[in-house]
Amino acid sequence: MLKKFLDILIGQPLANEQSGSEKYNVPFGLAVMASDAVSSVAYAAQEVLLVLIPAIGMLSYEYLGYISIAIIVLLFVLTISYTQIIKEYPHGGGAYIVAKENIGVNAGLVAGAALLLDYILTVAVSASAGVAAVISIPAFSGLYTHKVEMVIGLIIILTILNLRGVGESSRIFSIPTYLFIFSMLFMIVYGLIKYAIYGAPAPMLHDNLKMGGQIGLFLILRAFSSGCSALTGIEAVSNAVPNFKEPSQKNAIKVMCLLTGTIFFIFGGTSILARFYHAVYIENTKVTVLAQIAYGVFGGYNFMFYVIQFTTAIILLMACNTAFTGFPMLMSVMARDGYMPRSFSTRGKRLSYSNGIVFLTVIACVLTLIFKASTDALINLYSVGVFISFTLAQAGMVIHWQKSDAPGRTKGKIINGFGSIMTLVTAGVIMGGKFIEGAWVVVILIPIIAFMMMSIKKHYNKVADGLRTTEEEIINCDLGKHFDHVIVVPISSLNKATLGALKYARSITPDVIALNVSPNKEYIDKLKGRWEELDTDILLVSKYSPYRAIITPLVEYIGVISKAADQNEKITVILPQFMTSGWAGQFLHNHTGLILRESLLKYDNIVVAMYPYHLDVK
């Protein structure tokens, strides 16, 4: 029943041979990868104004333009730099691989940890901002009190869509992504033309905005650090190169260039409109900057206003999909290297990295609950991680070009060197401007996560060393060695399952012990009476448990047998387990056997086996 439900929800399993059809072409790849970076316009200019307006009032709109130009310059530098990474590292992993192979393992782990945190925050921030866009519509403002529940529900829906596979999810997400892009382009062009002819409508000219502070370098840098959220997501293309159809590198580079052009026009155009139409954003307001711009451009709550708001909400939710693509892919690369649990490198039934998708969902939902789906609160944690990874990636590429003898190595070194300096300065600005407001959490978490990854790798190395065999050990291995067997069968009563297990045990060796632990003395006496009727020479050992414990006395007694055995003896514990054909059997039975098995595996001379007895009970 559960399997049928999952098949309906997620889809039928896909064979390994179908993996080629589960990759992006350029249009679908742009739809998936663009959503995060492009959607940033919904809150990037807003976050800049949130810093500037309380301090410098009307001057905020002038400085918004200067800050937007600086962010756009940084955008082009990053695009050129990451194009180099795609060419040189086509197998995905982005900053993690580049830093690890060129700077060192520790740098790679820091870059990887920073990116993983950024992806998690992308889901929480984008989903929260998407719901905020819906709440900005007057007809839906009453949903404000249910914001957290709406965000978590939407994250779960996106999880289900991504578990269905990258091919299907890209087709689903392409329509709203392109609808948002074309709607925004139309609003920008129309808004600029309207402003050139008529100017901004009078209700939007907030001439009463007064300076509450003074202009200073720290203020401008804080505003710049807030606006840099517009650049998050651009690295996702380099992380997911293997997800593109062949030629994967060329297709990824095309998507990167198209993505940059789209961000340039939409972010730049929106910043200009915010400046011309004097959109005001105050912390915890229900009306976003983009909603105010749409209201001013289209002259009220008309059809195009609702188109902009609904497509903004949808694209912000689609932005989560960039993380749902990049996070599992990065986790799989790190898992193959041994720095993450190996289960993250395994593809699910729909050929997606389902374990990574589910893990991302859980952590993002926890963050949403902690920060109550507040974009303003979550944004303070944003951008720090991604700019750390930007810096390490560019520095790693400089070292890569120094070791390379490729024809364009000098040009590449200059490009990536300049990029590393710019992203390093930006990372410092973001950390300085946002540290007290919440960035300190990310600064602390990155080394903690990196340390955890090193611990995982250390564990895997120890396990590998312990399992590794030498050629001499293989040659001298005696596969014909004989062991004396003692079999212990834990029983609770004489039923068909235990009788079958006893028969099986006796067929292997005459040394069989039936072990029973019970908190009821009368029941023990009853079992001994029935055992006499069985007429067998198998030894029955019954133990009374005065404190009603079952598992612990069983393990202790079997442990005594294990310690008494010599080197040529193996203790086999056969656990009778009845199997039912109905779905309820998985939840209502067999938990004691599973717990007992896990408890016994700590002994090196005990073998645990299950004896299944199948019942036709539904």
# chains A, B, ... in the order shown; residues from 1 in each chain; ligands from 1
call {"tool": "residues_around", "arguments": {"residues": "A:Ile444", "least_positions_apart": "5", "cutoff": "12 Å", "atoms": "only C-alpha atoms", "output": "ChimeraX atom specification"}}
result
/A:110,113-114,117,381,384-385,431,435,438-439,449-451
call {"tool": "residues_around", "arguments": {"residues": "A:Ala514", "least_positions_apart": "5", "cutoff": "7 Å", "atoms": "only C-alpha atoms", "output": "list of chain:residue names"}}
result
A:Val488, A:Val489, A:Pro490, A:Ile491, A:Leu539, A:Leu540, A:Val541
call {"tool": "residues_around", "arguments": {"residues": "A:Ala45", "least_positions_apart": "2", "cutoff": "10 Å", "atoms": "only C-alpha atoms", "output": "mmCIF file with all heavy atoms, in the first residue's frame"}}
result
data_model
loop_
_atom_site.group_PDB
_atom_site.id
_atom_site.type_symbol
_atom_site.label_atom_id
_atom_site.label_comp_id
_atom_site.auth_asym_id
_atom_site.auth_seq_id
_atom_site.Cartn_x
_atom_site.Cartn_y
_atom_site.Cartn_z
ATOM 1 N N SER A 40 16.032 36.981 -7.122
ATOM 2 C CA SER A 40 16.619 37.849 -6.097
ATOM 3 C C SER A 40 16.184 39.299 -6.251
ATOM 4 O O SER A 40 16.235 40.069 -5.286
ATOM 5 C CB SER A 40 18.146 37.774 -6.151
ATOM 6 O OG SER A 40 18.591 36.455 -5.917
ATOM 7 N N VAL A 41 15.741 39.680 -7.462
ATOM 8 C CA VAL A 41 15.292 41.059 -7.648
ATOM 9 C C VAL A 41 14.079 41.352 -6.783
ATOM 10 O O VAL A 41 13.772 42.517 -6.494
ATOM 11 C CB VAL A 41 14.943 41.332 -9.128
ATOM 12 C CG1 VAL A 41 16.141 41.094 -10.014
ATOM 13 C CG2 VAL A 41 13.762 40.476 -9.582
ATOM 14 N N ALA A 42 13.364 40.313 -6.344
ATOM 15 C CA ALA A 42 12.169 40.523 -5.537
ATOM 16 C C ALA A 42 12.511 41.043 -4.152
ATOM 17 O O ALA A 42 11.662 41.618 -3.477
ATOM 18 C CB ALA A 42 11.376 39.222 -5.421
ATOM 19 N N TYR A 43 13.771 40.830 -3.714
ATOM 20 C CA TYR A 43 14.108 41.332 -2.385
ATOM 21 C C TYR A 43 15.483 41.996 -2.306
ATOM 22 O O TYR A 43 15.819 42.573 -1.270
ATOM 23 C CB TYR A 43 14.027 40.215 -1.333
ATOM 24 C CG TYR A 43 14.782 38.954 -1.662
ATOM 25 C CD1 TYR A 43 16.147 38.865 -1.475
ATOM 26 C CD2 TYR A 43 14.125 37.835 -2.156
ATOM 27 C CE1 TYR A 43 16.839 37.711 -1.765
ATOM 28 C CE2 TYR A 43 14.799 36.665 -2.447
ATOM 29 C CZ TYR A 43 16.159 36.602 -2.241
ATOM 30 O OH TYR A 43 16.837 35.461 -2.548
ATOM 31 N N GLU A 47 16.119 45.055 0.182
ATOM 32 C CA GLU A 47 17.020 44.985 1.331
ATOM 33 C C GLU A 47 17.988 46.161 1.358
ATOM 34 O O GLU A 47 18.384 46.621 2.429
ATOM 35 C CB GLU A 47 17.793 43.663 1.301
ATOM 36 C CG GLU A 47 16.930 42.430 1.512
ATOM 37 C CD GLU A 47 16.187 42.457 2.833
ATOM 38 O OE1 GLU A 47 16.786 42.861 3.852
ATOM 39 O OE2 GLU A 47 14.998 42.106 2.855
ATOM 40 N N VAL A 48 18.371 46.675 0.180
ATOM 41 C CA VAL A 48 19.224 47.868 0.134
ATOM 42 C C VAL A 48 18.472 49.066 0.709
ATOM 43 O O VAL A 48 18.999 49.819 1.536
ATOM 44 C CB VAL A 48 19.668 48.154 -1.319
ATOM 45 C CG1 VAL A 48 20.425 49.488 -1.384
ATOM 46 C CG2 VAL A 48 20.561 47.039 -1.832
ATOM 47 N N LEU A 49 17.223 49.244 0.272
ATOM 48 C CA LEU A 49 16.424 50.368 0.756
ATOM 49 C C LEU A 49 16.121 50.246 2.246
ATOM 50 O O LEU A 49 16.000 51.257 2.947
ATOM 51 C CB LEU A 49 15.121 50.463 -0.040
ATOM 52 C CG LEU A 49 15.273 50.887 -1.501
ATOM 53 C CD1 LEU A 49 13.932 50.815 -2.218
ATOM 54 C CD2 LEU A 49 15.867 52.292 -1.612
ATOM 55 N N LEU A 50 15.980 49.027 2.725
ATOM 56 C CA LEU A 50 15.718 48.813 4.148
ATOM 57 C C LEU A 50 16.846 49.377 5.000
ATOM 58 O O LEU A 50 16.618 49.901 6.096
ATOM 59 C CB LEU A 50 15.554 47.307 4.427
ATOM 60 C CG LEU A 50 15.343 46.890 5.889
ATOM 61 C CD1 LEU A 50 14.064 47.501 6.441
ATOM 62 C CD2 LEU A 50 15.306 45.372 6.015
ATOM 63 N N LEU A 64 20.962 53.938 -4.206
ATOM 64 C CA LEU A 64 20.524 52.635 -4.699
ATOM 65 C C LEU A 64 21.084 52.380 -6.100
ATOM 66 O O LEU A 64 21.515 51.263 -6.417
ATOM 67 C CB LEU A 64 18.994 52.563 -4.726
ATOM 68 C CG LEU A 64 18.379 51.335 -5.405
ATOM 69 C CD1 LEU A 64 18.762 50.062 -4.659
ATOM 70 C CD2 LEU A 64 16.861 51.478 -5.491
ATOM 71 N N GLY A 65 21.098 53.422 -6.936
ATOM 72 C CA GLY A 65 21.647 53.281 -8.289
ATOM 73 C C GLY A 65 23.126 52.954 -8.282
ATOM 74 O O GLY A 65 23.584 52.056 -9.000
ATOM 75 N N ILE A 67 24.909 51.593 -5.858
ATOM 76 C CA ILE A 67 25.127 50.252 -5.297
ATOM 77 C C ILE A 67 24.748 49.172 -6.312
ATOM 78 O O ILE A 67 25.436 48.153 -6.437
ATOM 79 C CB ILE A 67 24.319 50.093 -3.991
ATOM 80 C CG1 ILE A 67 24.913 50.994 -2.908
ATOM 81 C CG2 ILE A 67 24.293 48.645 -3.525
ATOM 82 C CD1 ILE A 67 24.061 51.109 -1.658
ATOM 83 N N SER A 68 23.669 49.407 -7.066
ATOM 84 C CA SER A 68 23.247 48.438 -8.087
ATOM 85 C C SER A 68 24.303 48.292 -9.176
ATOM 86 O O SER A 68 24.559 47.177 -9.662
ATOM 87 C CB SER A 68 21.918 48.880 -8.705
ATOM 88 O OG SER A 68 20.894 48.899 -7.727
ATOM 89 N N ALA A 223 24.544 48.435 3.059
ATOM 90 C CA ALA A 223 23.531 48.358 2.006
ATOM 91 C C ALA A 223 24.016 47.496 0.845
ATOM 92 O O ALA A 223 23.253 46.683 0.294
ATOM 93 C CB ALA A 223 23.193 49.763 1.518
ATOM 94 N N PHE A 224 25.290 47.643 0.491
ATOM 95 C CA PHE A 224 25.869 46.822 -0.579
ATOM 96 C C PHE A 224 25.837 45.348 -0.202
ATOM 97 O O PHE A 224 25.492 44.490 -1.026
ATOM 98 C CB PHE A 224 27.308 47.275 -0.836
ATOM 99 C CG PHE A 224 28.073 46.406 -1.795
ATOM 100 C CD1 PHE A 224 27.822 46.462 -3.157
ATOM 101 C CD2 PHE A 224 29.047 45.520 -1.339
ATOM 102 C CE1 PHE A 224 28.527 45.657 -4.047
ATOM 103 C CE2 PHE A 224 29.750 44.723 -2.204
ATOM 104 C CZ PHE A 224 29.493 44.791 -3.570
ATOM 105 N N SER A 226 23.748 43.850 1.722
ATOM 106 C CA SER A 226 22.371 43.367 1.637
ATOM 107 C C SER A 226 21.976 43.106 0.185
ATOM 108 O O SER A 226 21.309 42.118 -0.129
ATOM 109 C CB SER A 226 21.414 44.388 2.258
ATOM 110 O OG SER A 226 21.646 44.531 3.639
ATOM 111 N N GLY A 227 22.394 43.992 -0.710
ATOM 112 C CA GLY A 227 22.042 43.845 -2.122
ATOM 113 C C GLY A 227 22.753 42.706 -2.819
ATOM 114 O O GLY A 227 22.293 42.230 -3.867
ATOM 115 N N CYS A 228 23.863 42.248 -2.235
ATOM 116 C CA CYS A 228 24.615 41.147 -2.866
ATOM 117 C C CYS A 228 23.850 39.831 -2.865
ATOM 118 O O CYS A 228 24.282 38.863 -3.489
ATOM 119 C CB CYS A 228 25.963 40.968 -2.172
ATOM 120 S SG CYS A 228 27.191 42.190 -2.679
ATOM 121 N N SER A 229 22.724 39.795 -2.177
ATOM 122 C CA SER A 229 21.875 38.604 -2.264
ATOM 123 C C SER A 229 21.413 38.371 -3.697
ATOM 124 O O SER A 229 21.007 37.266 -4.055
ATOM 125 C CB SER A 229 20.668 38.752 -1.337
ATOM 126 O OG SER A 229 19.898 39.889 -1.689
ATOM 127 N N ALA A 230 21.468 39.419 -4.533
ATOM 128 C CA ALA A 230 21.090 39.288 -5.936
ATOM 129 C C ALA A 230 22.011 38.344 -6.690
ATOM 130 O O ALA A 230 21.653 37.841 -7.769
ATOM 131 C CB ALA A 230 21.104 40.661 -6.617
ATOM 132 N N PHE A 267 17.467 42.931 -12.706
ATOM 133 C CA PHE A 267 17.925 43.593 -11.478
ATOM 134 C C PHE A 267 18.209 45.074 -11.729
ATOM 135 O O PHE A 267 17.782 45.945 -10.958
ATOM 136 C CB PHE A 267 19.168 42.898 -10.928
ATOM 137 C CG PHE A 267 19.760 43.595 -9.730
ATOM 138 C CD1 PHE A 267 19.084 43.612 -8.523
ATOM 139 C CD2 PHE A 267 20.989 44.236 -9.814
ATOM 140 C CE1 PHE A 267 19.611 44.268 -7.416
ATOM 141 C CE2 PHE A 267 21.524 44.889 -8.719
ATOM 142 C CZ PHE A 267 20.840 44.904 -7.510
ATOM 143 N N GLY A 268 18.910 45.357 -12.836
ATOM 144 C CA GLY A 268 19.209 46.755 -13.159
ATOM 145 C C GLY A 268 17.947 47.558 -13.403
ATOM 146 O O GLY A 268 17.785 48.674 -12.881
ATOM 147 N N THR A 270 14.867 46.921 -12.371
ATOM 148 C CA THR A 270 14.065 47.058 -11.148
ATOM 149 C C THR A 270 14.662 48.115 -10.224
ATOM 150 O O THR A 270 13.922 48.882 -9.584
ATOM 151 C CB THR A 270 13.988 45.705 -10.421
ATOM 152 O OG1 THR A 270 13.514 44.707 -11.312
ATOM 153 C CG2 THR A 270 13.048 45.790 -9.238
ATOM 154 N N SER A 271 15.972 48.165 -10.136
ATOM 155 C CA SER A 271 16.614 49.175 -9.295
ATOM 156 C C SER A 271 16.330 50.579 -9.811
ATOM 157 O O SER A 271 16.086 51.519 -9.028
ATOM 158 C CB SER A 271 18.127 48.929 -9.240
ATOM 159 O OG SER A 271 18.412 47.688 -8.644
ATOM 160 N N ILE A 272 16.325 50.737 -11.141
ATOM 161 C CA ILE A 272 16.013 52.051 -11.731
ATOM 162 C C ILE A 272 14.570 52.436 -11.423
ATOM 163 O O ILE A 272 14.278 53.580 -11.040
ATOM 164 C CB ILE A 272 16.267 52.030 -13.257
ATOM 165 C CG1 ILE A 272 17.764 51.881 -13.538
ATOM 166 C CG2 ILE A 272 15.732 53.305 -13.911
ATOM 167 C CD1 ILE A 272 18.093 51.649 -14.998
ATOM 168 N N ALA A 274 12.717 51.388 -8.939
ATOM 169 C CA ALA A 274 12.604 51.691 -7.501
ATOM 170 C C ALA A 274 13.084 53.108 -7.220
ATOM 171 O O ALA A 274 12.517 53.818 -6.371
ATOM 172 C CB ALA A 274 13.409 50.687 -6.695
ATOM 173 N N ARG A 275 14.097 53.532 -7.940
ATOM 174 C CA ARG A 275 14.624 54.894 -7.756
ATOM 175 C C ARG A 275 13.652 55.942 -8.305
ATOM 176 O O ARG A 275 13.380 56.953 -7.656
ATOM 177 C CB ARG A 275 15.978 55.011 -8.468
ATOM 178 C CG ARG A 275 16.613 56.381 -8.350
ATOM 179 C CD ARG A 275 17.923 56.448 -9.093
ATOM 180 N NE ARG A 275 18.526 57.773 -9.000
ATOM 181 C CZ ARG A 275 19.661 58.110 -9.601
ATOM 182 N NH1 ARG A 275 20.314 57.218 -10.332
ATOM 183 N NH2 ARG A 275 20.144 59.333 -9.482
ATOM 184 N N ALA A 279 9.807 53.725 -4.328
ATOM 185 C CA ALA A 279 9.233 52.663 -3.493
ATOM 186 C C ALA A 279 9.889 52.704 -2.118
ATOM 187 O O ALA A 279 11.101 52.915 -1.994
ATOM 188 C CB ALA A 279 9.470 51.305 -4.139
ATOM 189 N N TYR A 281 10.398 50.774 1.626
ATOM 190 C CA TYR A 281 10.255 49.498 2.340
ATOM 191 C C TYR A 281 10.668 49.689 3.788
ATOM 192 O O TYR A 281 11.745 50.195 4.081
ATOM 193 C CB TYR A 281 11.103 48.390 1.717
ATOM 194 C CG TYR A 281 10.885 47.046 2.356
ATOM 195 C CD1 TYR A 281 9.694 46.360 2.183
ATOM 196 C CD2 TYR A 281 11.860 46.475 3.169
ATOM 197 C CE1 TYR A 281 9.473 45.132 2.776
ATOM 198 C CE2 TYR A 281 11.652 45.247 3.777
ATOM 199 C CZ TYR A 281 10.462 44.585 3.567
ATOM 200 O OH TYR A 281 10.239 43.365 4.167
ATOM 201 N N VAL A 289 8.685 45.962 -2.005
ATOM 202 C CA VAL A 289 9.089 47.009 -2.944
ATOM 203 C C VAL A 289 8.568 46.703 -4.339
ATOM 204 O O VAL A 289 8.077 47.579 -5.053
ATOM 205 C CB VAL A 289 10.626 47.148 -2.941
ATOM 206 C CG1 VAL A 289 11.103 47.892 -4.193
ATOM 207 C CG2 VAL A 289 11.086 47.886 -1.695
ATOM 208 N N LEU A 290 8.666 45.454 -4.755
ATOM 209 C CA LEU A 290 8.221 45.076 -6.091
ATOM 210 C C LEU A 290 6.718 45.304 -6.248
ATOM 211 O O LEU A 290 6.250 45.723 -7.320
ATOM 212 C CB LEU A 290 8.567 43.601 -6.360
ATOM 213 C CG LEU A 290 8.660 43.193 -7.836
ATOM 214 C CD1 LEU A 290 9.699 44.021 -8.557
ATOM 215 C CD2 LEU A 290 9.001 41.719 -7.952
#
call {"tool": "closest_residue", "arguments": {"among": "A:Gly108, A:Thr260, A:Phe310, A:Ser81", "to": "A:Val131", "atoms": "only C-alpha atoms"}}
result
A:Phe310
call {"tool": "residues_around", "arguments": {"residues": "A:Pro341", "least_positions_apart": "5", "cutoff": "10 Å", "atoms": "only C-alpha atoms", "output": "short mmCIF file (atom, residue, chain, number, x, y, z; two decimals) with N, CA and C atoms, in the first residue's frame"}}
result
data_model
loop_
_atom_site.label_atom_id
_atom_site.label_comp_id
_atom_site.auth_asym_id
_atom_site.auth_seq_id
_atom_site.Cartn_x
_atom_site.Cartn_y
_atom_site.Cartn_z
N MET A 331 26.28 17.31 -2.48
CA MET A 331 26.34 16.28 -1.45
C MET A 331 26.82 14.95 -2.03
N SER A 332 26.37 14.64 -3.25
CA SER A 332 26.78 13.37 -3.88
C SER A 332 28.27 13.37 -4.21
N MET A 334 30.61 15.14 -2.64
CA MET A 334 31.33 15.05 -1.38
C MET A 334 31.21 13.66 -0.76
N ALA A 335 30.06 13.01 -0.96
CA ALA A 335 29.89 11.65 -0.45
C ALA A 335 30.80 10.67 -1.17
N ARG A 336 30.96 10.85 -2.48
CA ARG A 336 31.88 9.98 -3.23
C ARG A 336 33.32 10.17 -2.77
N MET A 453 32.76 16.98 8.52
CA MET A 453 33.10 16.29 7.27
C MET A 453 34.46 15.60 7.39
N ILE A 456 33.93 12.46 9.36
CA ILE A 456 33.32 11.40 8.54
C ILE A 456 34.38 10.73 7.67
N LYS A 457 35.23 11.54 7.04
CA LYS A 457 36.30 11.00 6.20
C LYS A 457 37.27 10.14 7.03
N TYR A 460 35.64 6.81 7.67
CA TYR A 460 35.67 5.95 6.47
C TYR A 460 37.07 5.40 6.22
#
call {"tool": "select_by_dssp", "arguments": {"residues": "stretch 523-571 of chain A", "states": "strand (DSSP E or B)", "output": "ChimeraX atom specification"}}
result
/A:539-544,569-571
call {"tool": "residues_around", "arguments": {"residues": "stretch 408-417 of chain A", "least_positions_apart": "6", "cutoff": "10 Å", "atoms": "only C-alpha atoms", "output": "list in words"}}
result
Val77, Leu78, Ile80, Ser81, Tyr82, Gln84, Ile85, Thr391, Ala393, Gln394, Ala395, Gly396, Met397, Val398, Ile399, His400, Trp401 and Gln402 of chain A
call {"tool": "residues_around", "arguments": {"residues": "stretch 216-219 of chain A", "least_positions_apart": "5", "cutoff": "8 Å", "atoms": "only C-alpha atoms", "output": "ChimeraX atom specification"}}
result
/A:51-52,433
call {"tool": "write_last_selection", "arguments": {"atoms": "N, CA, C and O atoms", "output": "JSON list (two decimals), in the first residue's frame"}}
result
[["chain", "number", "residue", "atom", "x", "y", "z"],
["A", 51, "VAL", "N", 18.08, 49.31, 4.49],
["A", 51, "VAL", "CA", 19.23, 49.85, 5.22],
["A", 51, "VAL", "C", 19.32, 51.37, 5.05],
["A", 51, "VAL", "O", 19.58, 52.11, 6.01],
["A", 52, "LEU", "N", 19.07, 51.85, 3.82],
["A", 52, "LEU", "CA", 19.34, 53.26, 3.52],
["A", 52, "LEU", "C", 18.25, 54.22, 3.98],
["A", 52, "LEU", "O", 18.54, 55.30, 4.52],
["A", 433, "GLY", "N", 29.26, 43.85, 7.72],
["A", 433, "GLY", "CA", 27.97, 44.54, 7.78],
["A", 433, "GLY", "C", 26.87, 43.72, 8.40],
["A", 433, "GLY", "O", 25.92, 44.26, 8.97]]
call {"tool": "select_by_dssp", "arguments": {"residues": "stretch 217-446 of chain A", "states": "helix (DSSP H, G or I)", "output": "PyMOL selection string"}}
result
chain A and resi 217-231+236-239+241-243+248-277+289-298+303-336+342-345+354-370+375-381+384-403+409-446
call {"tool": "closest_residue", "arguments": {"among": "A:Phe140, A:Trp531, A:Phe327, A:Tyr611", "to": "A:Val237", "atoms": "only C-alpha atoms"}}
result
A:Phe327
call {"tool": "atom_distance", "arguments": {"atom1": "atom CA of A:Ala70", "atom2": "atom CA of A:Ala294"}}
result
24.7 Å
call {"tool": "residues_around", "arguments": {"residues": "A:Ala124", "least_positions_apart": "2", "cutoff": "8 Å", "atoms": "only C-alpha atoms", "output": "PyMOL selection string"}}
result
chain A and resi 120-122+126-128+320+364-365+367-368+373+378
call {"tool": "write_last_selection", "arguments": {"atoms": "N, CA and C atoms", "output": "short mmCIF file (atom, residue, chain, number, x, y, z; two decimals), in the first residue's frame"}}
result
data_model
loop_
_atom_site.label_atom_id
_atom_site.label_comp_id
_atom_site.auth_asym_id
_atom_site.auth_seq_id
_atom_site.Cartn_x
_atom_site.Cartn_y
_atom_site.Cartn_z
N ILE A 120 20.76 25.72 1.71
CA ILE A 120 19.70 25.57 2.72
C ILE A 120 18.99 26.90 2.94
N LEU A 121 19.77 27.97 3.05
CA LEU A 121 19.18 29.30 3.24
C LEU A 121 18.40 29.75 2.02
N THR A 122 18.84 29.33 0.83
CA THR A 122 18.11 29.67 -0.39
C THR A 122 16.68 29.17 -0.31
N SER A 126 13.84 31.98 -0.05
CA SER A 126 13.01 32.10 -1.25
C SER A 126 11.57 31.73 -0.99
N ALA A 127 11.35 30.64 -0.24
CA ALA A 127 9.98 30.25 0.08
C ALA A 127 9.30 31.31 0.94
N SER A 128 10.03 31.87 1.90
CA SER A 128 9.46 32.92 2.76
C SER A 128 9.14 34.18 1.95
N CYS A 320 13.81 28.04 -4.98
CA CYS A 320 14.18 26.91 -4.11
C CYS A 320 14.70 25.76 -4.96
N ALA A 364 15.72 22.97 5.99
CA ALA A 364 15.09 24.23 5.59
C ALA A 364 13.81 24.49 6.37
N CYS A 365 13.03 23.44 6.62
CA CYS A 365 11.80 23.59 7.40
C CYS A 365 12.11 23.97 8.85
N LEU A 367 14.74 25.69 9.85
CA LEU A 367 15.12 27.11 9.82
C LEU A 367 13.90 28.01 9.71
N THR A 368 12.95 27.60 8.88
CA THR A 368 11.73 28.38 8.71
C THR A 368 10.98 28.52 10.03
N ALA A 373 9.67 32.27 9.34
CA ALA A 373 9.50 32.59 7.91
C ALA A 373 9.71 34.07 7.62
N LEU A 378 16.09 36.10 7.97
CA LEU A 378 16.89 35.07 7.29
C LEU A 378 17.94 35.69 6.37
#
call {"tool": "atom_distance", "arguments": {"atom1": "atom CA of A:Gly419", "atom2": "atom CA of A:Ile69"}}
result
16.4 Å
